[in-house]
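So this block is target-v8.cif, mmCIF, C-alpha atoms:
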data_model
loop_
_atom_site.group_PDB
_atom_site.id
_atom_site.type_symbol
_atom_site.label_atom_id
_atom_site.label_comp_id
_atom_site.auth_asym_id
_atom_site.auth_seq_id
_atom_site.Cartn_x
_atom_site.Cartn_y
_atom_site.Cartn_z
ATOM 1 C CA MET A 1 0.312 10.265 -26.820
ATOM 2 C CA ILE A 2 -2.454 9.250 -24.423
ATOM 3 C CA LEU A 3 -5.011 11.568 -26.046
ATOM 4 C CA ALA A 4 -4.116 10.196 -29.472
ATOM 5 C CA GLN A 5 -4.753 6.651 -28.279
ATOM 6 C CA LEU A 6 -8.094 7.639 -26.744
ATOM 7 C CA TYR A 7 -9.099 9.248 -30.044
ATOM 8 C CA ARG A 8 -8.216 6.050 -31.883
ATOM 9 C CA LEU A 9 -10.299 4.035 -29.426
ATOM 10 C CA LYS A 10 -13.278 6.296 -30.143
ATOM 11 C CA THR A 11 -13.003 5.485 -33.852
ATOM 12 C CA VAL A 12 -12.659 1.732 -33.383
ATOM 13 C CA GLY A 13 -16.227 0.836 -32.541
ATOM 14 C CA ASN A 14 -17.038 -2.024 -30.222
ATOM 15 C CA PHE A 15 -14.700 -4.275 -28.242
ATOM 16 C CA THR A 16 -15.931 -7.599 -29.525
ATOM 17 C CA THR A 17 -13.103 -8.709 -31.812
ATOM 18 C CA LEU A 18 -10.284 -10.212 -29.781
ATOM 19 C CA SER A 19 -8.159 -11.743 -32.512
ATOM 20 C CA SER A 20 -5.117 -10.442 -34.335
ATOM 21 C CA PRO A 21 -5.321 -11.297 -38.036
ATOM 22 C CA GLY A 22 -3.487 -8.169 -39.121
ATOM 23 C CA LEU A 23 -0.603 -8.253 -36.655
ATOM 24 C CA MET A 24 1.245 -11.381 -37.687
ATOM 25 C CA SER A 25 0.454 -14.926 -38.722
ATOM 26 C CA SER A 26 -0.744 -16.614 -35.543
ATOM 27 C CA PRO A 27 0.226 -20.293 -35.312
ATOM 28 C CA ARG A 28 -2.255 -22.953 -34.311
ATOM 29 C CA LEU A 29 -2.033 -24.299 -30.779
ATOM 30 C CA GLY A 30 -0.368 -27.437 -32.092
ATOM 31 C CA ASP A 31 2.431 -25.336 -33.609
ATOM 32 C CA VAL A 32 3.436 -23.879 -30.245
ATOM 33 C CA ASP A 33 6.546 -25.454 -28.716
ATOM 34 C CA GLY A 34 8.913 -25.082 -25.795
ATOM 35 C CA TYR A 35 6.622 -25.827 -22.860
ATOM 36 C CA HIS A 36 9.031 -28.332 -21.302
ATOM 37 C CA GLU A 37 11.903 -25.882 -21.657
ATOM 38 C CA LEU A 38 9.779 -23.143 -20.096
ATOM 39 C CA PHE A 39 8.803 -25.389 -17.172
ATOM 40 C CA TRP A 40 12.361 -26.375 -16.315
ATOM 41 C CA SER A 41 13.617 -22.827 -16.761
ATOM 42 C CA ALA A 42 10.920 -21.576 -14.392
ATOM 43 C CA ALA A 43 11.780 -24.275 -11.856
ATOM 44 C CA GLY A 44 15.458 -23.350 -12.053
ATOM 45 C CA TRP A 45 14.787 -19.637 -11.603
ATOM 46 C CA THR A 46 12.465 -20.257 -8.651
ATOM 47 C CA LEU A 47 15.068 -22.443 -6.961
ATOM 48 C CA MET A 48 17.755 -19.841 -7.622
ATOM 49 C CA TRP A 49 15.665 -17.094 -6.006
ATOM 50 C CA LEU A 50 15.005 -19.236 -2.931
ATOM 51 C CA VAL A 51 18.693 -20.104 -2.603
ATOM 52 C CA LEU A 52 19.605 -16.417 -2.890
ATOM 53 C CA PHE A 53 17.182 -15.470 -0.123
ATOM 54 C CA TYR A 54 18.591 -18.073 2.245
ATOM 55 C CA VAL A 55 22.157 -17.080 1.382
ATOM 56 C CA PHE A 56 21.225 -13.602 2.607
ATOM 57 C CA CYS A 57 19.667 -15.155 5.722
ATOM 58 C CA VAL A 58 22.712 -17.306 6.531
ATOM 59 C CA SER A 59 25.102 -14.398 5.963
ATOM 60 C CA PHE A 60 22.916 -11.934 7.891
ATOM 61 C CA PRO A 61 25.144 -11.833 11.028
ATOM 62 C CA ARG A 62 28.050 -10.738 8.840
ATOM 63 C CA TRP A 63 26.480 -8.104 6.582
ATOM 64 C CA SER A 64 24.113 -6.705 9.220
ATOM 65 C CA LYS A 65 27.142 -5.523 11.211
ATOM 66 C CA MET A 66 27.859 -3.039 8.418
ATOM 67 C CA VAL A 67 24.818 -0.917 9.384
ATOM 68 C CA GLU A 68 23.422 0.463 12.610
ATOM 69 C CA PRO A 69 20.573 -1.457 14.262
ATOM 70 C CA SER A 70 17.045 -0.198 13.756
ATOM 71 C CA SER A 71 14.956 1.327 16.521
ATOM 72 C CA LYS A 72 12.168 -0.980 15.341
ATOM 73 C CA GLU A 73 12.888 -4.436 16.685
ATOM 74 C CA HIS A 74 11.293 -6.332 13.779
ATOM 75 C CA GLU A 75 13.614 -4.513 11.364
ATOM 76 C CA ASN A 76 16.564 -6.264 13.021
ATOM 77 C CA ASP A 77 15.061 -9.643 12.260
ATOM 78 C CA ARG A 78 17.106 -11.921 10.008
ATOM 79 C CA TYR A 79 14.230 -12.757 7.663
ATOM 80 C CA TRP A 80 12.769 -9.241 7.415
ATOM 81 C CA SER A 81 16.156 -7.695 6.653
ATOM 82 C CA SER A 82 17.088 -10.425 4.183
ATOM 83 C CA ARG A 83 13.839 -9.946 2.333
ATOM 84 C CA GLU A 84 14.518 -6.227 1.936
ATOM 85 C CA LEU A 85 17.891 -7.004 0.380
ATOM 86 C CA PHE A 86 16.308 -9.812 -1.630
ATOM 87 C CA GLY A 87 13.736 -7.442 -3.109
ATOM 88 C CA LEU A 88 16.324 -4.773 -3.870
ATOM 89 C CA VAL A 89 18.547 -7.195 -5.810
ATOM 90 C CA HIS A 90 15.562 -8.529 -7.728
ATOM 91 C CA ALA A 91 14.362 -5.038 -8.662
ATOM 92 C CA MET A 92 17.800 -4.044 -9.942
ATOM 93 C CA ILE A 93 18.036 -7.161 -12.121
ATOM 94 C CA ILE A 94 14.555 -6.700 -13.570
ATOM 95 C CA SER A 95 15.164 -3.000 -14.205
ATOM 96 C CA ALA A 96 18.427 -3.717 -16.016
ATOM 97 C CA LEU A 97 16.719 -6.284 -18.247
ATOM 98 C CA SER A 98 13.532 -4.335 -18.995
ATOM 99 C CA LEU A 99 14.544 -0.666 -19.298
ATOM 100 C CA PRO A 100 16.593 -0.849 -22.538
ATOM 101 C CA PRO A 101 13.851 -2.810 -24.388
ATOM 102 C CA LEU A 102 11.207 -0.447 -23.018
ATOM 103 C CA PHE A 103 12.899 2.622 -24.487
ATOM 104 C CA LEU A 104 13.466 0.817 -27.791
ATOM 105 C CA PHE A 105 9.771 -0.077 -27.922
ATOM 106 C CA LEU A 106 8.804 3.493 -27.076
ATOM 107 C CA PHE A 107 10.958 5.349 -29.558
ATOM 108 C CA ASP A 108 12.030 2.915 -32.259
ATOM 109 C CA SER A 109 9.203 0.477 -32.965
ATOM 110 C CA ASN A 110 5.727 0.249 -34.457
ATOM 111 C CA GLU A 111 2.658 -1.460 -33.034
ATOM 112 C CA ARG A 112 3.438 -4.694 -34.819
ATOM 113 C CA VAL A 113 6.625 -4.939 -32.782
ATOM 114 C CA LYS A 114 5.045 -3.723 -29.536
ATOM 115 C CA PHE A 115 2.408 -6.476 -29.759
ATOM 116 C CA ALA A 116 4.512 -9.204 -31.313
ATOM 117 C CA SER A 117 4.204 -12.809 -30.156
ATOM 118 C CA SER A 118 6.142 -16.027 -30.585
ATOM 119 C CA PRO A 119 5.095 -19.690 -30.730
ATOM 120 C CA HIS A 120 8.428 -20.722 -29.180
ATOM 121 C CA VAL A 121 7.484 -20.254 -25.539
ATOM 122 C CA GLY A 122 10.690 -21.746 -24.153
ATOM 123 C CA THR A 123 12.774 -18.707 -25.099
ATOM 124 C CA CYS A 124 10.335 -16.478 -27.029
ATOM 125 C CA LYS A 125 12.674 -16.427 -29.996
ATOM 126 C CA VAL A 126 11.138 -14.819 -33.053
ATOM 127 C CA ASP A 127 9.256 -17.035 -35.478
ATOM 128 C CA ARG A 128 11.528 -17.340 -38.538
ATOM 129 C CA ARG A 129 8.488 -17.027 -40.779
ATOM 130 C CA ASP A 130 8.035 -13.460 -39.574
ATOM 131 C CA VAL A 131 11.045 -11.757 -41.161
ATOM 132 C CA ASP A 132 9.947 -8.263 -40.093
ATOM 133 C CA LEU A 133 10.598 -9.143 -36.448
ATOM 134 C CA LEU A 134 13.991 -10.824 -36.815
ATOM 135 C CA ASP A 135 15.865 -7.624 -35.964
ATOM 136 C CA TRP A 136 13.932 -7.458 -32.678
ATOM 137 C CA GLU A 137 14.776 -10.956 -31.468
ATOM 138 C CA LEU A 138 17.358 -9.878 -28.884
ATOM 139 C CA THR A 139 14.981 -7.243 -27.503
ATOM 140 C CA THR A 140 12.001 -9.575 -27.209
ATOM 141 C CA GLN A 141 14.113 -12.313 -25.643
ATOM 142 C CA ALA A 142 15.458 -9.872 -23.062
ATOM 143 C CA ILE A 143 11.875 -9.107 -22.092
ATOM 144 C CA SER A 144 11.011 -12.799 -21.981
ATOM 145 C CA LEU A 145 13.968 -13.440 -19.669
ATOM 146 C CA ALA A 146 12.928 -10.545 -17.434
ATOM 147 C CA GLY A 147 9.359 -11.853 -17.409
ATOM 148 C CA LEU A 148 10.477 -15.301 -16.344
ATOM 149 C CA ALA A 149 12.728 -13.864 -13.639
ATOM 150 C CA PHE A 150 9.972 -11.549 -12.383
ATOM 151 C CA THR A 151 7.253 -14.208 -12.239
ATOM 152 C CA THR A 152 9.444 -16.806 -10.543
ATOM 153 C CA PHE A 153 10.703 -14.243 -8.039
ATOM 154 C CA THR A 154 7.113 -13.412 -7.115
ATOM 155 C CA LEU A 155 6.419 -17.122 -6.637
ATOM 156 C CA ALA A 156 9.552 -17.559 -4.504
ATOM 157 C CA ASP A 157 8.679 -14.466 -2.473
ATOM 158 C CA LEU A 158 5.219 -15.878 -1.833
ATOM 159 C CA VAL A 159 6.882 -18.987 -0.389
ATOM 160 C CA VAL A 160 9.194 -16.851 1.760
ATOM 161 C CA LEU A 161 6.330 -14.741 3.081
ATOM 162 C CA SER A 162 4.293 -17.822 3.934
ATOM 163 C CA LEU A 163 7.131 -19.704 5.634
ATOM 164 C CA HIS A 164 8.328 -16.839 7.812
ATOM 165 C CA GLY A 165 5.104 -15.267 9.013
ATOM 166 C CA MET A 166 5.284 -12.157 6.852
ATOM 167 C CA ALA A 167 2.288 -12.921 4.627
ATOM 168 C CA THR A 168 -0.694 -10.595 4.832
ATOM 169 C CA VAL A 169 -3.923 -10.668 2.851
ATOM 170 C CA ASP A 170 -2.902 -7.752 0.632
ATOM 171 C CA TYR A 171 0.492 -9.316 -0.091
ATOM 172 C CA MET A 172 -1.109 -12.651 -0.966
ATOM 173 C CA VAL A 173 -3.663 -11.095 -3.311
ATOM 174 C CA HIS A 174 -0.977 -8.912 -4.927
ATOM 175 C CA HIS A 175 1.390 -11.839 -5.482
ATOM 176 C CA VAL A 176 -1.244 -14.253 -6.778
ATOM 177 C CA ALA A 177 -2.492 -11.621 -9.245
ATOM 178 C CA PHE A 178 1.012 -10.886 -10.550
ATOM 179 C CA ILE A 179 1.893 -14.576 -10.794
ATOM 180 C CA SER A 180 -1.291 -15.235 -12.786
ATOM 181 C CA ALA A 181 -0.682 -12.337 -15.176
ATOM 182 C CA GLY A 182 2.979 -13.283 -15.504
ATOM 183 C CA LEU A 183 2.149 -16.888 -16.343
ATOM 184 C CA ILE A 184 -0.254 -15.823 -19.097
ATOM 185 C CA LEU A 185 2.047 -13.194 -20.616
ATOM 186 C CA ARG A 186 5.229 -15.242 -20.441
ATOM 187 C CA GLY A 187 3.474 -18.543 -21.170
ATOM 188 C CA ASN A 188 2.183 -17.119 -24.455
ATOM 189 C CA CYS A 189 5.249 -14.993 -25.332
ATOM 190 C CA MET A 190 3.078 -11.980 -26.075
ATOM 191 C CA LEU A 191 2.643 -8.253 -25.355
ATOM 192 C CA PRO A 192 6.380 -7.473 -25.006
ATOM 193 C CA PHE A 193 5.782 -3.729 -24.727
ATOM 194 C CA ASN A 194 3.212 -4.055 -21.943
ATOM 195 C CA ALA A 195 5.414 -6.595 -20.192
ATOM 196 C CA ALA A 196 8.301 -4.132 -20.364
ATOM 197 C CA VAL A 197 6.101 -1.361 -18.941
ATOM 198 C CA LEU A 198 4.947 -3.544 -16.052
ATOM 199 C CA MET A 199 8.439 -4.681 -15.143
ATOM 200 C CA ALA A 200 9.946 -1.207 -15.544
ATOM 201 C CA MET A 201 7.841 -0.196 -12.547
ATOM 202 C CA GLU A 202 10.490 -2.039 -10.523
ATOM 203 C CA VAL A 203 12.784 0.953 -11.170
ATOM 204 C CA SER A 204 11.198 2.654 -8.172
ATOM 205 C CA THR A 205 11.447 -0.352 -5.850
ATOM 206 C CA PRO A 206 15.146 -0.122 -4.831
ATOM 207 C CA PHE A 207 14.602 3.435 -3.616
ATOM 208 C CA LEU A 208 11.622 2.331 -1.539
ATOM 209 C CA ASN A 209 13.624 -0.602 -0.157
ATOM 210 C CA TRP A 210 16.380 1.836 0.818
ATOM 211 C CA VAL A 211 13.951 4.120 2.632
ATOM 212 C CA THR A 212 12.283 1.223 4.415
ATOM 213 C CA PHE A 213 15.556 -0.355 5.522
ATOM 214 C CA PHE A 214 17.429 2.751 6.703
ATOM 215 C CA ARG A 215 14.807 5.183 7.964
ATOM 216 C CA HIS A 216 14.931 3.936 11.578
ATOM 217 C CA ARG A 217 18.701 3.422 11.822
ATOM 218 C CA GLY A 218 19.844 6.824 12.994
ATOM 219 C CA GLU A 219 20.477 10.368 11.826
ATOM 220 C CA GLN A 220 23.587 9.385 9.859
ATOM 221 C CA TYR A 221 21.306 7.805 7.251
ATOM 222 C CA GLU A 222 18.871 10.720 7.045
ATOM 223 C CA SER A 223 20.323 12.252 3.859
ATOM 224 C CA GLN A 224 20.274 8.837 2.156
ATOM 225 C CA VAL A 225 16.660 8.300 3.157
ATOM 226 C CA ILE A 226 15.669 11.730 1.852
ATOM 227 C CA GLY A 227 17.512 11.212 -1.442
ATOM 228 C CA ALA A 228 16.007 7.769 -1.923
ATOM 229 C CA GLY A 229 12.551 9.137 -1.091
ATOM 230 C CA VAL A 230 12.858 11.854 -3.731
ATOM 231 C CA MET A 231 13.971 9.323 -6.353
ATOM 232 C CA PHE A 232 11.152 6.955 -5.416
ATOM 233 C CA PHE A 233 8.559 9.688 -5.802
ATOM 234 C CA LEU A 234 9.872 10.781 -9.201
ATOM 235 C CA THR A 235 10.197 7.252 -10.587
ATOM 236 C CA PHE A 236 6.750 6.410 -9.234
ATOM 237 C CA LEU A 237 5.240 9.262 -11.240
ATOM 238 C CA VAL A 238 7.115 8.380 -14.439
ATOM 239 C CA PHE A 239 7.003 4.590 -14.480
ATOM 240 C CA ARG A 240 4.136 3.490 -12.244
ATOM 241 C CA LEU A 241 1.741 6.213 -13.367
ATOM 242 C CA GLY A 242 2.728 7.850 -16.648
ATOM 243 C CA LEU A 243 4.078 4.939 -18.670
ATOM 244 C CA ASN A 244 1.733 2.475 -17.009
ATOM 245 C CA ILE A 245 -1.347 4.479 -18.000
ATOM 246 C CA TYR A 246 -0.037 5.014 -21.534
ATOM 247 C CA GLY A 247 0.760 1.310 -22.017
ATOM 248 C CA THR A 248 -2.666 0.296 -20.735
ATOM 249 C CA ILE A 249 -4.501 2.671 -23.058
ATOM 250 C CA LEU A 250 -2.402 1.489 -25.996
ATOM 251 C CA LEU A 251 -3.237 -2.140 -25.176
ATOM 252 C CA VAL A 252 -6.983 -1.498 -24.869
ATOM 253 C CA VAL A 253 -7.054 0.475 -28.117
ATOM 254 C CA ASP A 254 -5.141 -2.091 -30.143
ATOM 255 C CA GLN A 255 -6.972 -5.049 -28.654
ATOM 256 C CA ALA A 256 -10.242 -3.377 -29.621
ATOM 257 C CA ARG A 257 -8.882 -3.333 -33.172
ATOM 258 C CA GLY A 258 -7.909 -7.012 -32.883
ATOM 259 C CA LEU A 259 -4.176 -6.299 -33.058
ATOM 260 C CA ALA A 260 -2.749 -6.937 -29.597
ATOM 261 C CA MET A 261 -2.974 -10.670 -28.805
ATOM 262 C CA PRO A 262 -2.623 -13.714 -31.065
ATOM 263 C CA GLU A 263 -5.643 -15.852 -31.943
ATOM 264 C CA ARG A 264 -4.237 -18.917 -30.185
ATOM 265 C CA VAL A 265 -4.632 -17.288 -26.753
ATOM 266 C CA PRO A 266 -7.910 -18.411 -25.120
ATOM 267 C CA MET A 267 -10.509 -15.702 -24.632
ATOM 268 C CA TRP A 268 -10.494 -16.008 -20.846
ATOM 269 C CA GLN A 269 -6.762 -15.386 -20.772
ATOM 270 C CA GLN A 270 -7.090 -12.333 -23.002
ATOM 271 C CA VAL A 271 -9.781 -10.850 -20.793
ATOM 272 C CA LEU A 272 -7.916 -11.720 -17.580
ATOM 273 C CA VAL A 273 -4.708 -10.058 -18.771
ATOM 274 C CA ILE A 274 -6.494 -6.855 -19.764
ATOM 275 C CA LEU A 275 -8.401 -6.724 -16.476
ATOM 276 C CA ALA A 276 -5.214 -7.399 -14.504
ATOM 277 C CA ILE A 277 -3.319 -4.626 -16.272
ATOM 278 C CA ILE A 278 -6.183 -2.171 -15.788
ATOM 279 C CA ALA A 279 -6.379 -3.195 -12.126
ATOM 280 C CA GLY A 280 -2.658 -2.501 -11.832
ATOM 281 C CA VAL A 281 -3.229 1.081 -12.968
ATOM 282 C CA VAL A 282 -6.110 1.456 -10.511
ATOM 283 C CA VAL A 283 -3.873 0.245 -7.662
ATOM 284 C CA GLN A 284 -1.199 2.834 -8.514
ATOM 285 C CA LEU A 285 -3.835 5.591 -8.615
ATOM 286 C CA TYR A 286 -5.174 4.336 -5.277
ATOM 287 C CA TRP A 287 -1.671 4.594 -3.812
ATOM 288 C CA LEU A 288 -1.010 8.075 -5.236
ATOM 289 C CA PRO A 289 -2.560 10.083 -2.345
ATOM 290 C CA ARG A 290 -0.545 8.020 0.146
ATOM 291 C CA ILE A 291 2.605 8.458 -1.919
ATOM 292 C CA TRP A 292 2.031 12.203 -1.943
ATOM 293 C CA GLN A 293 1.424 12.246 1.797
ATOM 294 C CA VAL A 294 4.507 10.163 2.616
ATOM 295 C CA PHE A 295 6.942 11.501 0.009
ATOM 296 C CA GLY A 296 5.496 14.406 -1.993
ATOM 297 C CA VAL A 297 4.730 16.620 1.014
ATOM 298 C CA ARG A 298 8.246 16.097 2.363
ATOM 299 C CA ILE A 299 9.823 16.882 -0.995
ATOM 300 C CA TRP A 300 7.827 20.118 -1.137
ATOM 301 C CA GLN A 301 8.894 20.868 2.422
ATOM 302 C CA LEU A 302 12.516 20.266 1.420
ATOM 303 C CA ILE A 303 12.201 22.633 -1.560
ATOM 304 C CA ILE A 304 10.557 25.402 0.473
ATOM 305 C CA THR A 305 12.473 25.196 3.763
ATOM 306 C CA GLY A 306 15.662 23.358 2.856
ATOM 307 C CA SER A 307 15.005 20.724 5.526
ATOM 308 C CA VAL A 308 12.612 17.867 6.097
ATOM 309 C CA ASP A 309 11.453 15.688 8.977
ATOM 310 C CA VAL A 310 11.813 11.955 8.500
ATOM 311 C CA ASP A 311 8.673 10.966 10.382
ATOM 312 C CA GLU A 312 8.111 7.476 11.778
ATOM 313 C CA ASP A 313 4.323 7.434 11.452
ATOM 314 C CA ASP A 314 4.185 6.339 7.811
ATOM 315 C CA GLU A 315 5.613 2.847 8.172
ATOM 316 C CA GLU A 316 2.317 1.125 7.397
ATOM 317 C CA GLU A 317 1.759 3.134 4.233
ATOM 318 C CA GLU A 318 5.237 2.329 2.936
ATOM 319 C CA SER A 319 4.779 -1.388 3.533
ATOM 320 C CA GLU A 320 1.471 -1.327 1.657
ATOM 321 C CA ILE A 321 3.053 0.410 -1.328
ATOM 322 C CA LYS A 322 5.561 -2.402 -1.715
#
Output the file's structure as structure tokens, nothing else.
Amino acid sequence: MILAQLYRLKTVGNFTTLSSPGLMSSPRLGDVDGYHELFWSAAGWTLMWLVLFYVFCVSFPRWSKMVEPSSKEHENDRYWSSRELFGLVHAMIISALSLPPLFLFLFDSNERVKFASSPHVGTCKVDRRDVDLLDWELTTQAISLAGLAFTTFTLADLVVLSLHGMATVDYMVHHVAFISAGLILRGNCMLPFNAAVLMAMEVSTPFLNWVTFFRHRGEQYESQVIGAGVMFFLTFLVFRLGLNIYGTILLVVDQARGLAMPERVPMWQQVLVILAIIAGVVVQLYWLPRIWQVFGVRIWQLIITGSVDVDEDDEEEESEIK
């Protein structure tokens, strides 16, 4: 699939046309509606995420008794532990919302559906004038809901990191970049396939959360840590590398043909989204050697010897991956 898209890009020509006259009728800016609904929905989701985090914090003395304490003192901290659980719950919700639409887009849709857009930004419901997309309304709205939940979670997590001394430069840059891309994608109700690909990367996150939370809590958790590490490595390769690269190539090819984004989207937003998505692929490729060192080598060791050492020297690498 990737080679086919690269061949199509070779036949396109230059990359100067960034409009989508052939994809669907693109409404004028004045025809777009739902901004107030989108604003209040985003505010509600952000508040909900913050409340959920502090519910975990308040209940920490109760649920933390269910597991052994960590040998790393900071991993027994109320806010650190609550954020791990917070991230795991978020990733499971986003995965549940984005995976079914992703597979539908992959195997049962054409490019017109993959790069559909809606002028109703409050809910991203399909424009009734575009009858060919009416059957896809539930799918596109599921992605829009996931996009809103993902972007507002990232905003809430940025607040949590800042308030509780967990913010680092790399986290701040990562979160600001994802919030910016999320605002543009969700604020324009566009690129549902690429949005699904980006959010499906969260499939690997619960396994990484599990490894991070349990790896220093005793030998009784060793098999869980190994199993979660194997699943993280496999889902990283499939979703964060394979599908991510394919979706990015597909976007670049179709945008070069003027088919990916609607005309109403300002040029700077179109360019920023493409650069952000390409940068996301570069980040995953940058992490790949570390992923192999932390997880791949141990999986190979497990296959060859039947046992594996859960080493404690890779804590920094795992935190950077998240």
Subject >> Selection dump of the PyMOL selection byres ((chain A and resi 182) around 9), as a PyMOL selection string >> reply: chain A and resi 147-148+150-152+177-181+183-187+195+273
Sorted by chain and rising residue number, list the residues of range 176-273 of chain A at most 8 Å from range 284-295 of chain A (counting all atoms listed in the file), each with its closest atom pair and distance in Å to one decimal, as a tab-separated table.
residue	atom	partner	partner_atom	distance
A:Gly229	CA	A:Phe295	CA	6.2
A:Val230	CA	A:Phe295	CA	7.0
A:Phe233	CA	A:Phe295	CA	6.3
A:Arg240	CA	A:Gln284	CA	6.5
A:Leu241	CA	A:Gln284	CA	6.6
Taking all atoms listed in the file into account, produce a table as a tab-separated table in which each residue of range 159-206 of chain A with an atom at most 12 Å from an atom of range 55-75 of chain A appears once, together with its shortest atom pair and the distance in Å to one decimal, ordered by chain and rising number.
residue	atom	partner	partner_atom	distance
A:Val160	CA	A:Cys57	CA	11.3
A:His164	CA	A:Cys57	CA	11.7
A:Gly165	CA	A:His74	CA	11.9
A:Met166	CA	A:His74	CA	10.9
**OP:** List the residues matched by the PyMOL selection byres ((chain A and resi 128-143) around 10) in the displayed structure as JSON, numbers by chain, ordered by chain and then by residue number.
**Re:** {"A": [24, 25, 94, 96, 97, 98, 99, 100, 101, 102, 104, 105, 109, 112, 113, 114, 116, 117, 118, 123, 124, 125, 126, 127, 144, 145, 146, 147, 148, 149, 186, 189, 190, 191, 192, 193, 195, 196, 199]}
I'd like the residues picked by the PyMOL selection byres ((chain A and resi 122) around 8) written out as a compact mmCIF listing (two decimals) with C-alpha atoms, in the frame of the given file, using the chain letters and numbers from the file.
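The file below, expr-v8.txt, is the result:
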# COMPACT_ATOMS: atom_id res chain seq x y z
CA ASP A 33 6.55 -25.45 -28.72
CA GLY A 34 8.91 -25.08 -25.80
CA TYR A 35 6.62 -25.83 -22.86
CA HIS A 36 9.03 -28.33 -21.30
CA GLU A 37 11.90 -25.88 -21.66
CA LEU A 38 9.78 -23.14 -20.10
CA HIS A 120 8.43 -20.72 -29.18
CA VAL A 121 7.48 -20.25 -25.54
CA THR A 123 12.77 -18.71 -25.10
CA CYS A 124 10.34 -16.48 -27.03
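Here CA of Thr248 in chain A and CA of Val271 in chain A stand 13.2 Å from one another.
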Please give the centre and size of the box around range 69-84 of chain A (axis-aligned, containing every atom listed in the file, 8 Å added per side), with values in Å to one decimal and written as JSON.
{"center_x": 15.9, "center_y": -5.7, "center_z": 9.3, "size_x": 25.3, "size_y": 30.1, "size_z": 30.7}
Excluding same-chain residues fewer than 3 positions from His175 in chain A, what lies within 9 Å of it counting only C-alpha atoms, as a PDB file with C-alpha atoms, in the frame of the given file?
ATOM      1  CA  THR A 154       7.113 -13.412  -7.115  1.00  0.00           C
ATOM      2  CA  LEU A 155       6.419 -17.122  -6.637  1.00  0.00           C
ATOM      3  CA  ASP A 157       8.679 -14.466  -2.473  1.00  0.00           C
ATOM      4  CA  LEU A 158       5.219 -15.878  -1.833  1.00  0.00           C
ATOM      5  CA  ASP A 170      -2.902  -7.752   0.632  1.00  0.00           C
ATOM      6  CA  TYR A 171       0.492  -9.316  -0.091  1.00  0.00           C
ATOM      7  CA  MET A 172      -1.109 -12.651  -0.966  1.00  0.00           C
ATOM      8  CA  PHE A 178       1.012 -10.886 -10.550  1.00  0.00           C
ATOM      9  CA  ILE A 179       1.893 -14.576 -10.794  1.00  0.00           C
ATOM     10  CA  SER A 180      -1.291 -15.235 -12.786  1.00  0.00           C
TER      11      SER A 180
END
